[in-house]
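*Asks:* For reference, the structure I am asking about is given below.
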2 protein chains.
Amino acid sequence: MPLSKAALWARFQQTYTEFPAAGLALDLSRVDFPDGFLSTMETPLKQAFAAMEALEKGAIANPDEQRMVGHYWLRAPALAPTPALRTEIEQTVEAVKAFAADVHAGIVAGQGGTFTEVLVIGIGGSALGPQFVANALGQPTTDRLTPHFFDNTDPDGLDRVLARLDGRLGRTLCVVISKSGGTPETRNGMLEAAAAYADAGLVFAKHAVAVTGAGSNLDKTAVAEGWLRRFPMWDWVGGRTSVTSAVGLLPAALQGLDIAGILEGARACDAQTRVADLKQNPAAQLALAWYFLGEGRGSKDMVVLPYKDRLELFSRYLQQLVMESLGKELDLDGRVVNQGLAVYGNKGSTDQHAYVQQLREGVLNFFAVFIEVLSDRNGSGIEVEPGVTSGDYLSGFFLGTRDALYEKGRQSLTITVDRVTGQTVGALIALFERAVGLYASLVRINAYHQPGVEAGKKAASVVLALQRKAVDRLKHDTATAYTAGDLAAALGTPDAAEALFKILSHLAANGRITRTGGAGVATQFRG
Amino acid sequence: MPLSKAALWARFQQTYTEFPAAGLALDLSRVDFPDGFLSTMETPLKQAFAAMEALEKGAIANPDEQRMVGHYWLRAPALAPTPALRTEIEQTVEAVKAFAADVHAGIVAGQGGTFTEVLVIGIGGSALGPQFVANALGQPTTDRLTPHFFDNTDPDGLDRVLARLDGRLGRTLCVVISKSGGTPETRNGMLEAAAAYADAGLVFAKHAVAVTGAGSNLDKTAVAEGWLRRFPMWDWVGGRTSVTSAVGLLPAALQGLDIAGILEGARACDAQTRVADLKQNPAAQLALAWYFLGEGRGSKDMVVLPYKDRLELFSRYLQQLVMESLGKELDLDGRVVNQGLAVYGNKGSTDQHAYVQQLREGVLNFFAVFIEVLSDRNGSGIEVEPGVTSGDYLSGFFLGTRDALYEKGRQSLTITVDRVTGQTVGALIALFERAVGLYASLVRINAYHQPGVEAGKKAASVVLALQRKAVDRLKHDTATAYTAGDLAAALGTPDAAEALFKILSHLAANGRITRTGGAGVATQFRG
């Protein structure tokens, strides 16, 4: 039964906490924790704090890959387990700043002149962080370079980005980001970009920078071709927690954003969320709320609704951070648990007009995380009614929706920040990183590996190998028209008939083979 | 137990259906319908077809509002229940085309010259459709006008769009879209835009067009101020199904997109999905798959993964169409059912790097809808390996992921289209509209009202009224510093203490009142 307004005010006074050092506040008043819940969680939470402490000291937390997990060191290099690591982190930040300054000053320039555009080529952790930061902190009138992204291997999508850069490639800096240096989408994007530069009579290498692991294929290419610069990625930084490494800092610095602020905000929030005391630790509060609301097994989706356009991409960023970290088949003891926490959302009040109808009345399969930003705009604005601004409406819609959901038993948390700055962005990132780590301990899973993503990649290479065989056959036997079933039989791989149907349909739609007749699964193709 | 490859090929041959007239194919081979399921659904499906037929003939399908539901007539005006409606629809399409032609020709121009930009001001159904279409069909090199959107009441978000238009407002056409003419976010956006025009020494009315219901407040404003043009919205078109009305067609026509193709694709798909035979009806197949996969109560989320950058906004469009239509508390008999179908997703293969880990291994709380686009790009491209293109990788990742999920018992549907054109976009929209309508019949809910969205709006106006009282008090008693609790007591509304705390914090963060001391809930404020 939802509480009365008076009871909510009483609970708000107890459960709303400001964390001024981290620049945020957390309100748990719309979470109906039962009596005694927090005390039953004391022991597991203590263990989670201990696990996190070991992690930060350099324990191997990714046993699959025998790796440390050190994204916290990126903003507090003094915590790195060795002086060498500390120096590397510090030098990389300095190198990023110095390189961005050289680019802005035109000391490092393209064949067409001073760089005005930056094309970031990356996917997953190498795109979501940079995109979130670019959108959260960018400003068209003051950005030093305008950011663009290749974040997929869709040829038409790549062409469309290149169309926007038409005539400006000589002033476009390419930042190719791949930790392993072997991500196919990123490799493809790099090759497509290089071809576009060549078409424009330009040398790609004179416009290219790599962010990758030392010695990776990408690193070797950058060395061999004499790219402008290389920045390191370390095996102790996971892709989804790489935004405070060169992966996120370099694009942001090039755009002219406040990377010192991002690091400072993350560092401050790390310090606050390191405190082994629930009352003082917003990440622990968040993790316990997830645990209670999702019954410790992700039984509810997390709908993230920032009431601020600049934070619109935060839920996409969190989809990766949360779902890739927590979506695990096995727990630490190898038992099948199928854990996870699904995340979606865009921004309020926009999303109210899309699906608050369902949130309020429909399937109760979610809880909401509201993000409230107190400051409305830089500079002055108009009143839309006497004494009322557009921002008052935004604030009113947030409060109204929070109430309208709670009245119907839909629970929520609210994170409040003053304004969207580098510090805020750093703090929000660090807050959720730590909450994910603590929650993973509570449900006893490894948050730092991703064994499930390999299967799709392997299956994709099987498809590409099959395509090669199919094309080979069709090109050497142009007299015969094959159905997918015929070709599967001819290749001695009857199980591949369906895959061949899809492959042949795709090749034919692109004019690489010919559809000669039939329909549906009986369509015939010829080389 | 997932099927073997051989069994899957057999099932694929039975359940993969091409619908050439609608320009799409649907593959249900990764849905594990139990034997007999389809025959048990025959009677309810027959009823759903009948309900849809009555709807299309003009039955009152939105009894709350005593309205017909006629979005199908928009692309087949001959089906409209009266000749007057038919004429209105046809004339509106012609008026949209003629107006766009006049704009492109410079016959209708801004105070700064021929229009080069269009700023669409709308939210919900008045933004999601136009945004989806603009992104799906736009091309930077050939767009006649560049689209921009005000889709929220975030002052900073509005400022950022205006910053992009800096110096070009005189060549910017504003399309203000609000069916009711009273949506506060849209009204605020209009006022903010008008203020920006005034600041630039320009007259907003000379750059403004309205799409709204005849006689609405917006309509009256447009008449009184002498706006360039007004286009009608009808009470028989819901916001979430308005994309083939002037709401979607006008922005698209101004951008130079193929609106005839959109209408044609939707019309063709409507014709295909009107057939009262499951085998021949992809919308009915989709609706039955939702019913089975979500156990008739939305027990699983629908993850929409188009493998094409241009379709990235489709899932946001579908969030509204599906969740606002199906997320209902009561069924047609007034019983509490809390129905719905949650939707999220962005695009493949990008999202694979974000959360396929969880989809494959984590909580089994979803099914996937893949959208496959066979054609890779316009014009020629490079090979990234001998005989292999970026598009082959995209295709390979789609097939690989579909398999990787199915191996783990994660079911999916696949919709295949040849390429992203006006026709395709129209067909996809119509396909899901009809599937929503049929599914709503199956679960016996009204898909055409949205009673749950009012509560948040009402709560918001309560907040704004409270703000006025609070400011009034503080400004008339500047000598006293109030905590939220003090002010609530002083205003005689003790239940409003929490809301006042939020309101005062927001006002103080924007310099409209002053924080004078204290912290957290005990913070003191002064006028």
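In the structure tokens, chains take letters A, B, ... by order of appearance, with residues numbered from 1 within each chain and ligands from 1 in the order shown.
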Residues of chain B no more than 6 Å from chain A, counting only C-alpha atoms: send them over as a short mmCIF file (atom, residue, chain, number, x, y, z; two decimals) with N, CA and C atoms, in the first residue's frame.
*Replies:*
```cif
data_model
loop_
_atom_site.label_atom_id
_atom_site.label_comp_id
_atom_site.auth_asym_id
_atom_site.auth_seq_id
_atom_site.Cartn_x
_atom_site.Cartn_y
_atom_site.Cartn_z
N LYS B 5 19.98 -27.90 -36.31
CA LYS B 5 20.03 -27.10 -37.55
C LYS B 5 19.08 -27.68 -38.61
N ALA B 6 19.06 -29.00 -38.70
CA ALA B 6 18.22 -29.64 -39.72
C ALA B 6 16.74 -29.38 -39.43
N TRP B 9 15.89 -25.81 -40.24
CA TRP B 9 15.71 -25.59 -41.68
C TRP B 9 14.31 -26.06 -42.11
N GLY B 124 6.20 13.44 -27.94
CA GLY B 124 5.40 12.21 -28.04
C GLY B 124 5.12 11.89 -29.50
N ASN B 152 11.10 18.56 -25.99
CA ASN B 152 11.08 18.52 -24.52
C ASN B 152 10.93 19.95 -24.02
N THR B 153 10.82 20.09 -22.72
CA THR B 153 10.75 21.43 -22.13
C THR B 153 11.98 21.69 -21.27
N ASP B 154 13.12 21.14 -21.69
CA ASP B 154 14.39 21.38 -21.00
C ASP B 154 15.02 22.65 -21.56
N PRO B 155 15.11 23.71 -20.75
CA PRO B 155 15.61 24.99 -21.28
C PRO B 155 16.99 24.86 -21.93
N ASP B 156 17.87 24.13 -21.28
CA ASP B 156 19.21 23.97 -21.83
C ASP B 156 19.17 23.19 -23.15
N GLY B 157 18.29 22.20 -23.22
CA GLY B 157 18.15 21.44 -24.47
C GLY B 157 17.65 22.34 -25.60
N ASN B 188 5.55 25.57 -24.56
CA ASN B 188 6.79 26.20 -24.07
C ASN B 188 7.83 26.31 -25.19
N ASP B 309 21.71 1.26 -39.41
CA ASP B 309 21.75 2.52 -38.66
C ASP B 309 20.49 3.36 -38.87
N GLN B 320 6.55 4.02 -27.97
CA GLN B 320 5.27 4.71 -27.80
C GLN B 320 4.11 3.91 -28.38
N MET B 323 3.79 0.49 -26.21
CA MET B 323 3.61 0.58 -24.76
C MET B 323 2.41 1.47 -24.39
N GLU B 324 2.20 2.54 -25.14
CA GLU B 324 1.06 3.40 -24.82
C GLU B 324 -0.25 2.72 -25.23
N GLY B 327 -0.18 -0.88 -22.74
CA GLY B 327 0.06 -0.78 -21.30
C GLY B 327 -1.19 -0.28 -20.58
N LYS B 328 -2.08 -1.19 -20.25
CA LYS B 328 -3.38 -0.79 -19.70
C LYS B 328 -3.69 -1.52 -18.41
N GLU B 329 -4.32 -0.79 -17.49
CA GLU B 329 -4.71 -1.38 -16.21
C GLU B 329 -5.92 -2.30 -16.36
N ASN B 338 -3.47 -5.10 -15.85
CA ASN B 338 -2.09 -4.58 -15.94
C ASN B 338 -1.34 -5.18 -17.13
N GLN B 339 -1.92 -4.94 -18.30
CA GLN B 339 -1.30 -5.45 -19.53
C GLN B 339 -0.14 -4.57 -19.98
N GLY B 340 0.53 -5.02 -21.04
CA GLY B 340 1.59 -4.22 -21.62
C GLY B 340 2.61 -5.06 -22.36
N THR B 350 25.81 -2.90 -33.15
CA THR B 350 26.24 -2.06 -32.03
C THR B 350 25.76 -2.60 -30.68
N HIS B 353 27.48 -5.35 -28.66
CA HIS B 353 28.61 -4.99 -27.80
C HIS B 353 28.15 -4.36 -26.50
N ALA B 354 26.86 -4.07 -26.40
CA ALA B 354 26.35 -3.47 -25.17
C ALA B 354 25.72 -4.52 -24.27
N TYR B 355 24.84 -5.33 -24.83
CA TYR B 355 24.10 -6.18 -23.89
C TYR B 355 23.72 -7.57 -24.41
N GLN B 357 25.58 -9.97 -24.08
CA GLN B 357 26.01 -10.78 -22.93
C GLN B 357 24.81 -11.15 -22.06
N GLN B 358 24.03 -10.15 -21.70
CA GLN B 358 22.87 -10.46 -20.86
C GLN B 358 21.79 -11.20 -21.63
N GLU B 361 22.97 -14.89 -21.84
CA GLU B 361 23.25 -15.66 -20.62
C GLU B 361 22.39 -15.26 -19.42
N GLY B 362 21.86 -14.04 -19.47
CA GLY B 362 21.25 -13.49 -18.26
C GLY B 362 19.78 -13.80 -18.12
N VAL B 363 19.09 -12.92 -17.41
CA VAL B 363 17.66 -13.09 -17.14
C VAL B 363 16.91 -13.35 -18.45
N LEU B 374 18.45 -6.17 -46.49
CA LEU B 374 19.35 -6.92 -47.38
C LEU B 374 20.35 -6.04 -48.13
N SER B 375 19.90 -4.88 -48.55
CA SER B 375 20.78 -4.03 -49.36
C SER B 375 21.73 -3.25 -48.47
N ASP B 376 23.01 -3.27 -48.80
CA ASP B 376 24.02 -2.70 -47.91
C ASP B 376 24.20 -1.20 -48.03
N ARG B 377 24.28 -0.74 -49.25
CA ARG B 377 24.58 0.69 -49.44
C ARG B 377 24.21 1.09 -50.85
N SER B 390 31.96 -4.83 -45.54
CA SER B 390 31.45 -4.43 -44.22
C SER B 390 30.03 -4.95 -44.03
N GLY B 391 29.27 -4.93 -45.11
CA GLY B 391 27.89 -5.40 -45.05
C GLY B 391 27.80 -6.90 -44.80
N LEU B 394 28.05 -7.21 -41.18
CA LEU B 394 26.80 -6.83 -40.51
C LEU B 394 25.81 -8.00 -40.58
N GLY B 396 26.55 -11.15 -41.13
CA GLY B 396 27.08 -12.27 -40.35
C GLY B 396 26.82 -12.11 -38.86
N PHE B 397 26.95 -10.88 -38.37
CA PHE B 397 26.69 -10.66 -36.94
C PHE B 397 25.21 -10.87 -36.62
N GLY B 400 24.69 -14.63 -36.73
CA GLY B 400 25.41 -15.23 -35.61
C GLY B 400 24.69 -14.99 -34.29
N THR B 401 24.20 -13.78 -34.11
CA THR B 401 23.53 -13.45 -32.85
C THR B 401 22.20 -14.18 -32.74
N ALA B 404 23.14 -17.58 -31.77
CA ALA B 404 23.71 -17.65 -30.42
C ALA B 404 22.61 -17.51 -29.37
N GLY B 452 -3.76 6.66 -18.33
CA GLY B 452 -2.72 6.77 -17.31
C GLY B 452 -1.82 7.98 -17.44
N VAL B 453 -1.86 8.66 -18.57
CA VAL B 453 -0.90 9.76 -18.72
C VAL B 453 -1.41 11.05 -18.09
N ALA B 455 -2.53 11.47 -15.02
CA ALA B 455 -2.19 11.62 -13.60
C ALA B 455 -0.92 12.44 -13.41
N GLY B 456 0.12 12.12 -14.22
CA GLY B 456 1.39 12.84 -14.10
C GLY B 456 1.21 14.31 -14.44
N ALA B 459 -0.62 16.00 -11.59
CA ALA B 459 0.29 16.16 -10.47
C ALA B 459 1.26 17.30 -10.75
N ALA B 460 1.67 17.44 -12.01
CA ALA B 460 2.60 18.53 -12.36
C ALA B 460 1.93 19.88 -12.17
N VAL B 463 2.02 20.82 -8.66
CA VAL B 463 3.36 21.29 -8.28
C VAL B 463 3.54 22.75 -8.68
N ASP B 495 1.21 18.60 4.19
CA ASP B 495 1.50 17.45 3.32
C ASP B 495 2.40 17.81 2.15
N GLU B 498 7.47 17.87 1.31
CA GLU B 498 8.46 17.28 0.43
C GLU B 498 8.48 17.98 -0.92
N HIS B 506 15.04 23.63 -6.46
CA HIS B 506 15.11 23.97 -7.88
C HIS B 506 15.18 25.48 -8.08
N ALA B 509 18.64 26.76 -7.05
CA ALA B 509 19.71 26.40 -7.99
C ALA B 509 19.70 27.31 -9.21
N ASN B 510 18.56 27.96 -9.44
CA ASN B 510 18.46 28.85 -10.58
C ASN B 510 18.46 30.33 -10.18
#
```
*Asks:* Show which residues sit within 12 Å of Thr421 of chain A, as a PyMOL selection string. Count only C-alpha atoms, and ignore same-chain residues fewer than 6 positions away.
*Replies:* chain A and resi 23-24+133-139+257-266+310-311+373+375+378+427-428
*Asks:* Just to be explicit: take each residue in the selection above, keep N, CA, C and O atoms, and write the result as a CSV table (one decimal), in the first residue's frame.
*Replies:*
```csv
chain,number,residue,atom,x,y,z
A,23,GLY,N,29.0,15.5,-5.1
A,23,GLY,CA,28.2,16.4,-6.0
A,23,GLY,C,26.8,15.8,-6.4
A,23,GLY,O,26.3,16.1,-7.4
A,24,LEU,N,26.3,14.9,-5.5
A,24,LEU,CA,25.0,14.3,-5.8
A,24,LEU,C,24.2,14.0,-4.6
A,24,LEU,O,24.8,13.9,-3.5
A,133,VAL,N,29.6,11.2,-23.2
A,133,VAL,CA,30.3,12.4,-22.8
A,133,VAL,C,30.2,13.5,-23.8
A,133,VAL,O,29.9,14.7,-23.5
A,134,ALA,N,30.3,13.2,-25.1
A,134,ALA,CA,30.2,14.2,-26.2
A,134,ALA,C,28.9,14.9,-26.1
A,134,ALA,O,28.8,16.2,-26.2
A,135,ASN,N,27.8,14.1,-25.9
A,135,ASN,CA,26.5,14.7,-25.9
A,135,ASN,C,26.2,15.4,-24.6
A,135,ASN,O,25.5,16.4,-24.5
A,136,ALA,N,26.7,14.9,-23.5
A,136,ALA,CA,26.4,15.5,-22.2
A,136,ALA,C,27.1,16.9,-22.0
A,136,ALA,O,26.6,17.8,-21.4
A,137,LEU,N,28.3,17.0,-22.6
A,137,LEU,CA,29.1,18.2,-22.3
A,137,LEU,C,29.3,19.1,-23.5
A,137,LEU,O,29.8,20.2,-23.4
A,138,GLY,N,29.0,18.6,-24.7
A,138,GLY,CA,29.3,19.4,-25.9
A,138,GLY,C,28.4,20.6,-26.0
A,138,GLY,O,27.3,20.7,-25.5
A,139,GLN,N,28.9,21.6,-26.8
A,139,GLN,CA,28.1,22.8,-27.0
A,139,GLN,C,28.5,23.3,-28.4
A,139,GLN,O,29.7,23.6,-28.7
A,257,LEU,N,36.3,19.4,-24.1
A,257,LEU,CA,35.5,19.3,-22.9
A,257,LEU,C,36.4,19.2,-21.7
A,257,LEU,O,37.7,18.9,-21.8
A,258,ASP,N,35.8,19.3,-20.5
A,258,ASP,CA,36.6,19.4,-19.3
A,258,ASP,C,37.0,18.0,-18.7
A,258,ASP,O,36.3,17.5,-17.9
A,259,ILE,N,38.1,17.4,-19.3
A,259,ILE,CA,38.4,16.1,-18.8
A,259,ILE,C,39.0,16.1,-17.4
A,259,ILE,O,38.8,15.1,-16.7
A,260,ALA,N,39.6,17.2,-17.0
A,260,ALA,CA,40.0,17.3,-15.6
A,260,ALA,C,38.8,17.2,-14.7
A,260,ALA,O,38.9,16.5,-13.6
A,261,GLY,N,37.7,17.8,-15.0
A,261,GLY,CA,36.5,17.7,-14.3
A,261,GLY,C,35.9,16.3,-14.2
A,261,GLY,O,35.5,15.9,-13.2
A,262,ILE,N,35.9,15.6,-15.3
A,262,ILE,CA,35.4,14.3,-15.4
A,262,ILE,C,36.2,13.4,-14.4
A,262,ILE,O,35.7,12.6,-13.6
A,263,LEU,N,37.6,13.5,-14.4
A,263,LEU,CA,38.4,12.7,-13.6
A,263,LEU,C,38.2,13.1,-12.1
A,263,LEU,O,38.1,12.2,-11.2
A,264,GLU,N,38.0,14.4,-11.9
A,264,GLU,CA,37.8,14.8,-10.5
A,264,GLU,C,36.5,14.3,-9.9
A,264,GLU,O,36.4,13.9,-8.8
A,265,GLY,N,35.4,14.4,-10.8
A,265,GLY,CA,34.1,14.0,-10.3
A,265,GLY,C,34.1,12.5,-10.1
A,265,GLY,O,33.5,12.0,-9.1
A,266,ALA,N,34.8,11.7,-10.9
A,266,ALA,CA,34.9,10.3,-10.7
A,266,ALA,C,35.7,9.9,-9.4
A,266,ALA,O,35.3,9.1,-8.7
A,310,ARG,N,20.7,16.6,-22.1
A,310,ARG,CA,22.2,16.3,-22.1
A,310,ARG,C,22.5,14.9,-21.6
A,310,ARG,O,23.5,14.3,-21.9
A,311,LEU,N,21.6,14.3,-20.8
A,311,LEU,CA,21.8,13.0,-20.2
A,311,LEU,C,21.1,11.9,-21.0
A,311,LEU,O,21.0,10.8,-20.5
A,373,VAL,N,18.1,17.3,-12.5
A,373,VAL,CA,19.2,18.3,-12.6
A,373,VAL,C,18.6,19.6,-12.2
A,373,VAL,O,17.6,20.1,-12.8
A,375,SER,N,19.7,22.8,-12.1
A,375,SER,CA,20.0,24.1,-12.8
A,375,SER,C,19.4,23.9,-14.2
A,375,SER,O,19.6,23.0,-14.9
A,378,ASN,N,22.1,27.8,-18.8
A,378,ASN,CA,23.1,28.9,-18.6
A,378,ASN,C,22.5,30.2,-19.1
A,378,ASN,O,21.8,30.2,-20.1
A,427,ALA,N,31.0,11.8,-11.8
A,427,ALA,CA,30.4,11.2,-10.6
A,427,ALA,C,29.4,10.2,-10.9
A,427,ALA,O,29.3,9.1,-10.3
A,428,LEU,N,28.5,10.5,-11.9
A,428,LEU,CA,27.5,9.5,-12.3
A,428,LEU,C,28.1,8.2,-12.8
A,428,LEU,O,27.6,7.1,-12.4
```
*Asks:* Taking only segment 6-88 of chain B into account, list the residues labelled helix (DSSP H, G or I) by DSSP (computed from the backbone), as an NGL selection string.
*Replies:* :B and (6-15 or 37-40 or 42-56 or 71-75 or 77-79 or 83-88)
*Asks:* Take the residues from that selection and write them out as a compact mmCIF listing (two decimals), in the first residue's frame, keeping N, CA and C atoms.
*Replies:*
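Done, and the output landed in part.txt:
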```txt
# COMPACT_ATOMS: atom_id res chain seq x y z
N ALA B 6 19.06 -29.00 -38.70
CA ALA B 6 18.22 -29.64 -39.72
C ALA B 6 16.74 -29.38 -39.43
N ALA B 7 16.37 -29.52 -38.15
CA ALA B 7 14.98 -29.27 -37.79
C ALA B 7 14.63 -27.80 -37.98
N LEU B 8 15.59 -26.92 -37.71
CA LEU B 8 15.34 -25.49 -37.90
C LEU B 8 15.10 -25.17 -39.37
N TRP B 9 15.89 -25.81 -40.24
CA TRP B 9 15.71 -25.59 -41.68
C TRP B 9 14.31 -26.06 -42.11
N ALA B 10 13.90 -27.18 -41.57
CA ALA B 10 12.55 -27.66 -41.89
C ALA B 10 11.52 -26.65 -41.41
N ARG B 11 11.71 -26.15 -40.19
CA ARG B 11 10.73 -25.20 -39.66
C ARG B 11 10.80 -23.87 -40.39
N PHE B 12 12.00 -23.47 -40.74
CA PHE B 12 12.16 -22.22 -41.50
C PHE B 12 11.36 -22.29 -42.80
N GLN B 13 11.46 -23.44 -43.47
CA GLN B 13 10.73 -23.58 -44.74
C GLN B 13 9.22 -23.46 -44.55
N GLN B 14 8.74 -23.82 -43.36
CA GLN B 14 7.30 -23.70 -43.10
C GLN B 14 6.89 -22.33 -42.60
N THR B 15 7.79 -21.65 -41.88
CA THR B 15 7.35 -20.46 -41.14
C THR B 15 7.99 -19.18 -41.63
N PHE B 37 -1.03 -24.73 -30.66
CA PHE B 37 -1.21 -23.35 -30.20
C PHE B 37 -2.01 -22.54 -31.21
N LEU B 38 -1.60 -22.65 -32.47
CA LEU B 38 -2.24 -21.81 -33.48
C LEU B 38 -3.72 -22.14 -33.62
N SER B 39 -4.07 -23.43 -33.50
CA SER B 39 -5.49 -23.74 -33.66
C SER B 39 -6.30 -23.26 -32.44
N THR B 40 -5.68 -23.26 -31.26
CA THR B 40 -6.43 -22.72 -30.11
C THR B 40 -6.67 -21.22 -30.26
N GLU B 42 -7.45 -19.74 -33.07
CA GLU B 42 -8.26 -19.41 -34.25
C GLU B 42 -9.46 -18.53 -33.93
N THR B 43 -10.20 -18.90 -32.89
CA THR B 43 -11.41 -18.14 -32.56
C THR B 43 -11.08 -16.73 -32.09
N PRO B 44 -10.18 -16.57 -31.11
CA PRO B 44 -9.86 -15.18 -30.73
C PRO B 44 -9.31 -14.37 -31.91
N LEU B 45 -8.55 -15.01 -32.78
CA LEU B 45 -8.00 -14.27 -33.91
C LEU B 45 -9.12 -13.82 -34.85
N LYS B 46 -10.10 -14.70 -35.04
CA LYS B 46 -11.24 -14.35 -35.89
C LYS B 46 -11.96 -13.12 -35.30
N GLN B 47 -12.10 -13.13 -33.99
CA GLN B 47 -12.73 -11.97 -33.33
C GLN B 47 -11.89 -10.70 -33.50
N ALA B 48 -10.58 -10.87 -33.45
CA ALA B 48 -9.70 -9.71 -33.62
C ALA B 48 -9.82 -9.14 -35.03
N PHE B 49 -9.90 -10.02 -36.01
CA PHE B 49 -10.08 -9.54 -37.39
C PHE B 49 -11.40 -8.79 -37.52
N ALA B 50 -12.43 -9.33 -36.89
CA ALA B 50 -13.74 -8.69 -36.97
C ALA B 50 -13.72 -7.32 -36.30
N ALA B 51 -13.06 -7.24 -35.14
CA ALA B 51 -12.97 -5.97 -34.43
C ALA B 51 -12.23 -4.94 -35.29
N MET B 52 -11.18 -5.41 -35.95
CA MET B 52 -10.40 -4.50 -36.79
C MET B 52 -11.22 -4.03 -37.98
N GLU B 53 -12.04 -4.93 -38.51
CA GLU B 53 -12.86 -4.54 -39.65
C GLU B 53 -13.89 -3.47 -39.23
N ALA B 54 -14.49 -3.67 -38.07
CA ALA B 54 -15.44 -2.68 -37.57
C ALA B 54 -14.75 -1.33 -37.36
N LEU B 55 -13.54 -1.40 -36.80
CA LEU B 55 -12.75 -0.19 -36.57
C LEU B 55 -12.52 0.56 -37.87
N GLU B 56 -12.12 -0.18 -38.87
CA GLU B 56 -11.81 0.47 -40.15
C GLU B 56 -13.04 1.05 -40.81
N HIS B 71 -6.58 5.93 -38.48
CA HIS B 71 -5.28 6.17 -39.12
C HIS B 71 -5.12 5.36 -40.40
N TYR B 72 -5.88 4.26 -40.53
CA TYR B 72 -5.77 3.47 -41.77
C TYR B 72 -6.29 4.24 -42.98
N TRP B 73 -7.24 5.13 -42.74
CA TRP B 73 -7.82 5.91 -43.86
C TRP B 73 -6.80 6.90 -44.43
N LEU B 74 -5.82 7.25 -43.62
CA LEU B 74 -4.87 8.28 -44.05
C LEU B 74 -4.14 7.87 -45.33
N ARG B 75 -3.95 6.55 -45.48
CA ARG B 75 -3.24 6.11 -46.70
C ARG B 75 -4.17 5.41 -47.67
N PRO B 77 -7.69 6.86 -48.52
CA PRO B 77 -8.82 7.75 -48.19
C PRO B 77 -10.16 7.21 -48.66
N ALA B 78 -10.15 6.36 -49.68
CA ALA B 78 -11.42 5.81 -50.16
C ALA B 78 -12.11 4.98 -49.08
N LEU B 79 -11.36 4.53 -48.08
CA LEU B 79 -11.96 3.73 -47.00
C LEU B 79 -12.59 4.57 -45.91
N PRO B 83 -17.64 10.76 -47.43
CA PRO B 83 -16.94 11.46 -48.51
C PRO B 83 -16.24 12.72 -48.00
N ALA B 84 -16.80 13.37 -47.01
CA ALA B 84 -16.18 14.59 -46.50
C ALA B 84 -14.80 14.29 -45.90
N LEU B 85 -14.73 13.19 -45.13
CA LEU B 85 -13.45 12.82 -44.54
C LEU B 85 -12.45 12.46 -45.63
N ARG B 86 -12.93 11.71 -46.61
CA ARG B 86 -12.05 11.33 -47.71
C ARG B 86 -11.44 12.56 -48.37
N THR B 87 -12.28 13.53 -48.63
CA THR B 87 -11.81 14.75 -49.29
C THR B 87 -10.80 15.49 -48.41
N GLU B 88 -11.11 15.57 -47.12
CA GLU B 88 -10.18 16.26 -46.21
C GLU B 88 -8.81 15.61 -46.20
```
*Asks:* What lies within 10 Å of Gly517 of chain A using only C-alpha atoms, ignoring chain neighbours under 4 positions off, as a list of chain:residue names?
*Replies:*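 After dropping sequence-adjacent residues, the list is A:Ala481, A:Tyr482, A:Thr483, A:Ala522, A:Thr523, A:Gln524, A:Phe525, A:Arg526.
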